Amino acid sequence: MPANLLPNGLVDLLPETAEKEADAIHALMSFFKSCGYRRVKPPLIEFEETLLQGPGQATSKHMFRMMDPKSQKMMGLRADITPQIARIAATRYEKKDYPLRFSYAGDILHVKGTQLNPARQMTQVGCELIGDERIEADIECIMTALRGFYEIGLRTLTLDMTLPALLRDVLGENGHPELFKALEQKNLEQIEDLGGAYKELLLALVSMTGVIEQDMKTLEGIEIPERGKADLQRLQDVVKAVQSRLAEEGMEDVVLTIDPTEHSFFNYHRGISFTIYTRGVREAAGRGGRYDFETDSGMQSAIGFTIYMNGLRKVELNLDAS
């Protein structure tokens, strides 16, 4: 085997790229600190059972596993850092300490890449706001993520707002798998065939134009089952608030879109979620959203976001942008 051969999806970062990424991470983490987010550093590897608790359940199929020779227990290499932050909040802090604001930077590993992103080792940088269920927390998280991109000179951004749990609320967790696939592919013919009583609602949701003003009017006119109304109203309120904040802060070049049928990558988001795209990067540059996790005092709600540094290696950054 050639000495320079690496496993699929793994790469060496040479000085120019490694230094660029390190400088960007430093700029982001310094900015997040100035916003009140304190840095934590969970381990790269944990017992499998703790990594798969709460939101970690959704990462199971992405996780590398191995046997710990000392304890003889299964261990896992983290596939996402967010579940580890939830574990820290649940086990190291009490309810009286909430809300908590944490930031992090570190590598994760997946058993395989995707068609858009074949990398298996990825670098995540992000923040979590834990124990605050208010709409103000949603807005803070979204704006902190966008400002983070501005901090490293990326201003050609698209913010895509989603409700990944909406379809589960409407159709049930065990909805027709072919219908979920049709919704993902926006196959109108199949949606019409499989949509049943919710056909008109689903067709309206997948027919969003991408023009924010028009899509907001569409949402206001949609009739939705009672169990999905609160989330849909919250989405509309957050979109309006973010639009206002973007205008106030001179960030009008951020394009805002809505896609209520988009699914979360890890499928643990339960309310407002969002994806951030930037020019020159095919895959998502960042993702975030609201999720729940269990503590000794009951369920807690959190919202956070992750910036994926792998994609940003491909674009020109301006670390003096601020």
# chains A, B, ... in the order shown; residues from 1 in each chain; ligands from 1
$ residues_around --residues "Met63 in chain A" --least-positions-apart "5" --cutoff "10 Å" --atoms "only C-alpha atoms" --output "ChimeraX atom specification"
/A:48,51-52,75-80,108-112
$ select_by_dssp --residues "range 220-317 of chain A" --states "strand (DSSP E)" --output "count of residues only"
31
$ residues_around --residues "range 206-221 of chain A" --least-positions-apart "5" --cutoff "8 Å" --atoms "only C-alpha atoms" --output "JSON, numbers by chain"
{"A": [183, 186, 232, 236, 256, 257, 258, 259, 260, 261]}
$ write_last_selection --atoms "C-alpha atoms" --output "mmCIF file, in the first residue's frame"
data_model
loop_
_atom_site.group_PDB
_atom_site.id
_atom_site.type_symbol
_atom_site.label_atom_id
_atom_site.label_comp_id
_atom_site.auth_asym_id
_atom_site.auth_seq_id
_atom_site.Cartn_x
_atom_site.Cartn_y
_atom_site.Cartn_z
ATOM 1 C CA LEU A 183 -42.017 15.541 -0.127
ATOM 2 C CA LYS A 186 -40.919 17.807 -4.137
ATOM 3 C CA LEU A 232 -46.107 27.327 12.304
ATOM 4 C CA GLN A 236 -43.815 33.217 11.108
ATOM 5 C CA LEU A 256 -34.189 34.689 3.688
ATOM 6 C CA THR A 257 -36.228 31.697 2.478
ATOM 7 C CA ILE A 258 -38.751 29.279 4.029
ATOM 8 C CA ASP A 259 -39.058 25.546 3.413
ATOM 9 C CA PRO A 260 -41.420 24.009 6.011
ATOM 10 C CA THR A 261 -40.990 20.480 4.599
#
$ closest_residue --among "A:Met122, A:Ala284, A:Ile276, A:Leu116" --to "Phe149 in chain A" --atoms "only C-alpha atoms"
A:Ile276
$ atom_distance --atom1 "CA of Gly298 in chain A" --atom2 "CA of Asn267 in chain A"
21.3 Å
$ residues_around --residues "Gln185 in chain A" --least-positions-apart "6" --cutoff "10 Å" --atoms "only C-alpha atoms" --output "ChimeraX atom specification"
/A:179,191,206,262
$ residues_around --residues "range 4-7 of chain A" --least-positions-apart "2" --cutoff "12 Å" --atoms "only C-alpha atoms" --output "ChimeraX atom specification"
/A:1-2,9-12,111-113,118-121
$ write_last_selection --atoms "C-alpha atoms" --output "PDB file, in the first residue's frame"
ATOM      1  CA  MET A   1       0.000   0.000   0.000  1.00  0.00           C
ATOM      2  CA  PRO A   2       1.426   3.452  -0.922  1.00  0.00           C
ATOM      3  CA  GLY A   9     -13.054  10.719   3.019  1.00  0.00           C
ATOM      4  CA  LEU A  10      -9.944  11.648   5.033  1.00  0.00           C
ATOM      5  CA  VAL A  11      -7.381  14.251   3.983  1.00  0.00           C
ATOM      6  CA  ASP A  12      -4.188  15.937   5.142  1.00  0.00           C
ATOM      7  CA  VAL A 111     -18.763   6.166   8.916  1.00  0.00           C
ATOM      8  CA  LYS A 112     -19.423   7.488   5.411  1.00  0.00           C
ATOM      9  CA  GLY A 113     -19.766  10.760   3.568  1.00  0.00           C
ATOM     10  CA  PRO A 118     -17.725  12.872   0.722  1.00  0.00           C
ATOM     11  CA  ALA A 119     -15.621  13.942   3.748  1.00  0.00           C
ATOM     12  CA  ARG A 120     -15.890  11.679   6.791  1.00  0.00           C
ATOM     13  CA  GLN A 121     -13.855  13.815   9.191  1.00  0.00           C
TER      14      GLN A 121
END
$ decode --residues "range 278-315 of chain A" --atoms "C-alpha atoms" --output "tab-separated table (two decimals), in the first residue's frame"
chain	number	residue	atom	x	y	z
A	278	THR	CA	-22.91	30.64	1.18
A	279	ARG	CA	-21.66	31.17	-2.35
A	280	GLY	CA	-18.94	28.75	-3.43
A	281	VAL	CA	-19.97	25.92	-1.07
A	282	ARG	CA	-22.29	23.23	-2.47
A	283	GLU	CA	-23.32	21.73	0.85
A	284	ALA	CA	-24.74	23.57	3.86
A	285	ALA	CA	-22.24	25.92	5.51
A	286	GLY	CA	-24.14	25.78	8.79
A	287	ARG	CA	-27.18	24.24	10.44
A	288	GLY	CA	-29.11	24.90	13.62
A	289	GLY	CA	-32.37	24.43	15.42
A	290	ARG	CA	-34.31	23.72	18.58
A	291	TYR	CA	-34.22	20.33	20.32
A	292	ASP	CA	-35.13	18.74	23.66
A	293	PHE	CA	-33.09	16.65	26.09
A	294	GLU	CA	-33.74	15.02	29.45
A	295	THR	CA	-32.33	16.11	32.80
A	296	ASP	CA	-32.98	14.99	36.40
A	297	SER	CA	-35.50	17.85	36.70
A	298	GLY	CA	-37.35	16.94	33.49
A	299	MET	CA	-37.13	17.80	29.80
A	300	GLN	CA	-35.21	20.90	28.78
A	301	SER	CA	-35.31	22.84	25.53
A	302	ALA	CA	-32.25	24.19	23.75
A	303	ILE	CA	-31.37	25.83	20.47
A	304	GLY	CA	-27.98	25.88	18.78
A	305	PHE	CA	-26.09	25.95	15.52
A	306	THR	CA	-23.04	24.38	13.93
A	307	ILE	CA	-20.76	25.90	11.28
A	308	TYR	CA	-19.03	23.29	9.10
A	309	MET	CA	-15.46	24.39	8.44
A	310	ASN	CA	-14.77	21.82	5.70
A	311	GLY	CA	-16.88	23.71	3.17
A	312	LEU	CA	-15.39	27.06	4.17
A	313	ARG	CA	-11.92	25.82	3.24
A	314	LYS	CA	-13.00	26.27	-0.39
A	315	VAL	CA	-13.93	29.96	-0.19
